[in-house]
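Enquirer: Structure file structure-v2.cif (mmCIF, C-alpha atoms) is given on the next line.
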data_run
loop_
_atom_site.label_atom_id
_atom_site.label_comp_id
_atom_site.auth_asym_id
_atom_site.auth_seq_id
_atom_site.Cartn_x
_atom_site.Cartn_y
_atom_site.Cartn_z
CA MET A 13 224.31 86.97 -163.39
CA ALA A 14 226.90 88.54 -161.11
CA THR A 15 227.19 92.32 -161.37
CA HIS A 16 230.38 93.00 -159.44
CA LEU A 17 233.86 93.12 -160.89
CA PHE A 18 235.65 89.84 -161.36
CA THR A 19 238.61 89.77 -158.98
CA LEU A 20 241.70 87.67 -158.47
CA ASP A 21 239.97 86.12 -155.46
CA ASP A 22 237.06 85.10 -157.70
CA LEU A 23 239.51 83.52 -160.13
CA ARG A 24 241.34 81.67 -157.34
CA ARG A 25 238.05 80.22 -156.09
CA ILE A 26 236.97 79.13 -159.56
CA LEU A 27 240.38 77.65 -160.41
CA LEU A 28 240.16 75.50 -157.28
CA GLU A 29 236.55 74.48 -158.02
CA ALA A 30 237.23 73.71 -161.68
CA ALA A 31 240.66 72.11 -161.62
CA GLY A 32 242.07 72.01 -158.11
CA ALA A 33 245.63 73.08 -157.42
CA GLU A 34 248.91 71.40 -158.16
CA GLU A 35 250.82 70.30 -155.09
CA GLY A 36 253.34 72.91 -154.07
CA VAL A 37 251.51 75.80 -155.78
CA ASP A 38 250.30 78.54 -153.44
CA LEU A 39 247.37 80.28 -155.13
CA ASP A 40 247.18 82.65 -152.17
CA GLY A 41 250.56 84.10 -153.08
CA ASP A 42 251.38 86.78 -155.62
CA ILE A 43 250.18 84.97 -158.76
CA LEU A 44 248.71 87.87 -160.73
CA ASP A 45 251.49 87.88 -163.33
CA SER A 46 252.49 84.22 -163.11
CA ALA A 47 251.92 82.12 -166.21
CA PHE A 48 249.06 79.65 -165.79
CA GLN A 49 251.41 76.95 -167.05
CA ASP A 50 253.83 77.73 -164.20
CA LEU A 51 250.91 77.41 -161.78
CA GLY A 52 250.12 73.94 -163.13
CA TYR A 53 247.09 74.89 -165.25
CA GLU A 54 247.16 73.55 -168.80
CA SER A 55 244.64 74.31 -171.54
CA LEU A 56 242.04 71.75 -170.42
CA ALA A 57 242.00 73.17 -166.88
CA LEU A 58 241.60 76.68 -168.29
CA LEU A 59 238.73 75.58 -170.52
CA GLU A 60 237.02 74.08 -167.48
CA THR A 61 237.69 77.30 -165.55
CA GLY A 62 236.23 79.30 -168.43
CA GLY A 63 233.08 77.18 -168.32
CA HIS A 64 232.65 77.92 -164.64
CA ILE A 65 233.14 81.65 -165.25
CA GLU A 66 230.62 81.63 -168.11
CA ARG A 67 227.95 79.91 -166.01
CA GLU A 68 228.48 82.04 -162.92
CA TYR A 69 228.83 85.41 -164.64
CA GLY A 70 226.54 84.92 -167.64
CA ILE A 71 229.16 85.79 -170.24
CA SER A 72 230.72 83.98 -173.16
CA LEU A 73 234.45 83.29 -173.43
CA ASP A 74 235.72 81.64 -176.60
CA ASP A 75 238.54 79.11 -176.50
CA ASP A 76 241.05 81.51 -178.08
CA THR A 77 240.34 84.10 -175.40
CA LEU A 78 241.10 81.55 -172.71
CA THR A 79 244.30 80.31 -174.31
CA ASP A 80 245.50 83.85 -175.09
CA ALA A 81 245.09 84.92 -171.44
CA VAL A 82 248.33 83.40 -170.17
CA THR A 83 248.28 84.98 -166.69
CA PRO A 84 245.63 85.52 -164.03
CA ARG A 85 245.85 89.29 -164.64
CA ALA A 86 245.07 88.80 -168.34
CA LEU A 87 242.09 86.53 -167.60
CA VAL A 88 240.69 88.87 -164.94
CA ASP A 89 240.97 91.76 -167.42
CA VAL A 90 239.20 89.79 -170.17
CA VAL A 91 236.37 88.74 -167.88
CA ASN A 92 235.88 92.30 -166.63
CA ALA A 93 235.86 93.60 -170.21
CA ARG A 94 233.15 91.07 -171.13
CA LEU A 95 231.15 91.98 -168.04
CA ALA A 96 231.34 95.67 -169.04
CA GLU A 97 230.13 94.79 -172.56
CA VAL A 98 227.15 92.89 -171.16
CA ARG A 99 226.25 95.74 -168.80
CA ALA A 100 226.49 98.28 -171.63
CA ALA A 101 224.20 96.27 -173.91
#
Just dump the structure as structure tokens.
Expert:
Amino acid sequence: MATHLFTLDDLRRILLEAAGAEEGVDLDGDILDSAFQDLGYESLALLETGGHIEREYGISLDDDTLTDAVTPRALVDVVNARLAEVRAA
């Protein structure tokens, strides 16, 4: 299980591994507050991304959590909150 904070760079890497990137979308740009939908990531891509995060970081993310996190910032915050819960347990 990873013990460092989950960063936007981690999310970018996992998004590309899990679902690729839509043509014309620059994930290296300022995407922190962009809606996943605007970045070309629909619910299935986010579920796949969530699966990658769960396996790599040893946490559990339910489907509602993934669909409620509509921006990269929101997903990074949720993942870091779950990591903190696991460390505190």
Enquirer: I want to know what sits within 9 Å of region 61-73 of chain A, based on all atoms listed in the file, with residues of the same chain fewer than 5 positions away left out; could you give that as a PyMOL selection string?
Expert: chain A and resi 13-15+18+23+26-31+56+78+90-91+94-95+98
Enquirer: Using Å and a single decimal, report how far CA of Leu44 (chain A) sits from CA of Arg24 (chain A).
Expert: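 Rounded to one decimal, the two atoms are 10.2 Å apart.
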Enquirer: Of the residues A:Glu35, A:Asp21, A:Asp75, A:Asp80, which is the one nearest to Phe48 (chain A), using all atoms listed in the file?
Expert: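 Smallest separation from Phe48 (chain A) among the options: A:Asp80.
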Enquirer: Enter the distance from CA of Asp45 (chain A) to CA of Leu59 (chain A), in Å, rounded to one decimal.
Expert: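 According to the coordinates, CA of Asp45 (chain A) and CA of Leu59 (chain A) are separated by 19.1 Å.
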Enquirer: May I ask for the distance between CA of Leu39 (chain A) and CA of Tyr53 (chain A), given in Å to one decimal place?
Expert: 11.5 Å
Enquirer: Please output region 31-42 of chain A, rebuilt to include all heavy atoms, as an mmCIF file, in the coordinates of the input.
Expert:
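Dumped to rebuild.cif:
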data_model
loop_
_atom_site.group_PDB
_atom_site.id
_atom_site.type_symbol
_atom_site.label_atom_id
_atom_site.label_comp_id
_atom_site.auth_asym_id
_atom_site.auth_seq_id
_atom_site.Cartn_x
_atom_site.Cartn_y
_atom_site.Cartn_z
ATOM 1 N N ALA A 31 239.514 72.962 -161.309
ATOM 2 C CA ALA A 31 240.660 72.110 -161.620
ATOM 3 C C ALA A 31 241.536 71.764 -160.427
ATOM 4 O O ALA A 31 242.538 71.071 -160.578
ATOM 5 C CB ALA A 31 241.509 72.786 -162.696
ATOM 6 N N GLY A 32 241.219 72.281 -159.258
ATOM 7 C CA GLY A 32 242.070 72.010 -158.110
ATOM 8 C C GLY A 32 243.365 72.792 -158.194
ATOM 9 O O GLY A 32 243.477 73.731 -158.977
ATOM 10 N N ALA A 33 244.331 72.407 -157.401
ATOM 11 C CA ALA A 33 245.630 73.080 -157.420
ATOM 12 C C ALA A 33 246.729 72.028 -157.388
ATOM 13 O O ALA A 33 246.610 71.011 -156.710
ATOM 14 C CB ALA A 33 245.775 74.005 -156.213
ATOM 15 N N GLU A 34 247.767 72.292 -158.132
ATOM 16 C CA GLU A 34 248.910 71.400 -158.160
ATOM 17 C C GLU A 34 249.628 71.460 -156.816
ATOM 18 O O GLU A 34 249.758 72.534 -156.222
ATOM 19 C CB GLU A 34 249.850 71.809 -159.292
ATOM 20 C CG GLU A 34 250.918 70.793 -159.577
ATOM 21 C CD GLU A 34 251.665 71.113 -160.850
ATOM 22 O OE1 GLU A 34 251.079 71.001 -161.934
ATOM 23 O OE2 GLU A 34 252.850 71.485 -160.728
ATOM 24 N N GLU A 35 250.093 70.329 -156.355
ATOM 25 C CA GLU A 35 250.820 70.300 -155.090
ATOM 26 C C GLU A 35 252.029 71.223 -155.167
ATOM 27 O O GLU A 35 252.752 71.265 -156.162
ATOM 28 C CB GLU A 35 251.287 68.869 -154.800
ATOM 29 C CG GLU A 35 251.858 68.715 -153.415
ATOM 30 C CD GLU A 35 252.155 67.259 -153.079
ATOM 31 O OE1 GLU A 35 251.405 66.386 -153.529
ATOM 32 O OE2 GLU A 35 253.142 67.040 -152.372
ATOM 33 N N GLY A 36 252.210 71.997 -154.131
ATOM 34 C CA GLY A 36 253.340 72.910 -154.070
ATOM 35 C C GLY A 36 253.066 74.290 -154.642
ATOM 36 O O GLY A 36 253.913 75.164 -154.568
ATOM 37 N N VAL A 37 251.874 74.491 -155.224
ATOM 38 C CA VAL A 37 251.510 75.800 -155.780
ATOM 39 C C VAL A 37 250.642 76.520 -154.764
ATOM 40 O O VAL A 37 249.628 75.999 -154.310
ATOM 41 C CB VAL A 37 250.756 75.665 -157.121
ATOM 42 C CG1 VAL A 37 250.238 77.009 -157.587
ATOM 43 C CG2 VAL A 37 251.666 75.050 -158.166
ATOM 44 N N ASP A 38 251.046 77.726 -154.399
ATOM 45 C CA ASP A 38 250.300 78.540 -153.440
ATOM 46 C C ASP A 38 249.502 79.592 -154.193
ATOM 47 O O ASP A 38 250.039 80.621 -154.588
ATOM 48 C CB ASP A 38 251.266 79.206 -152.456
ATOM 49 C CG ASP A 38 250.555 80.066 -151.433
ATOM 50 O OD1 ASP A 38 249.312 79.957 -151.291
ATOM 51 O OD2 ASP A 38 251.245 80.859 -150.763
ATOM 52 N N LEU A 39 248.225 79.321 -154.423
ATOM 53 C CA LEU A 39 247.370 80.280 -155.130
ATOM 54 C C LEU A 39 247.111 81.532 -154.303
ATOM 55 O O LEU A 39 246.662 82.536 -154.849
ATOM 56 C CB LEU A 39 246.049 79.633 -155.532
ATOM 57 C CG LEU A 39 246.117 78.568 -156.614
ATOM 58 C CD1 LEU A 39 244.728 78.040 -156.932
ATOM 59 C CD2 LEU A 39 246.786 79.094 -157.870
ATOM 60 N N ASP A 40 247.380 81.483 -153.015
ATOM 61 C CA ASP A 40 247.180 82.650 -152.170
ATOM 62 C C ASP A 40 248.336 83.642 -152.280
ATOM 63 O O ASP A 40 248.243 84.756 -151.805
ATOM 64 C CB ASP A 40 246.993 82.247 -150.702
ATOM 65 C CG ASP A 40 245.673 81.527 -150.486
ATOM 66 O OD1 ASP A 40 244.691 81.867 -151.182
ATOM 67 O OD2 ASP A 40 245.627 80.617 -149.650
ATOM 68 N N GLY A 41 249.408 83.226 -152.911
ATOM 69 C CA GLY A 41 250.560 84.100 -153.080
ATOM 70 C C GLY A 41 250.345 85.113 -154.186
ATOM 71 O O GLY A 41 249.245 85.295 -154.696
ATOM 72 N N ASP A 42 251.411 85.761 -154.571
ATOM 73 C CA ASP A 42 251.380 86.780 -155.620
ATOM 74 C C ASP A 42 251.427 86.095 -156.984
ATOM 75 O O ASP A 42 252.494 85.885 -157.550
ATOM 76 C CB ASP A 42 252.558 87.743 -155.449
ATOM 77 C CG ASP A 42 252.541 88.875 -156.454
ATOM 78 O OD1 ASP A 42 251.489 89.103 -157.093
ATOM 79 O OD2 ASP A 42 253.576 89.537 -156.617
#
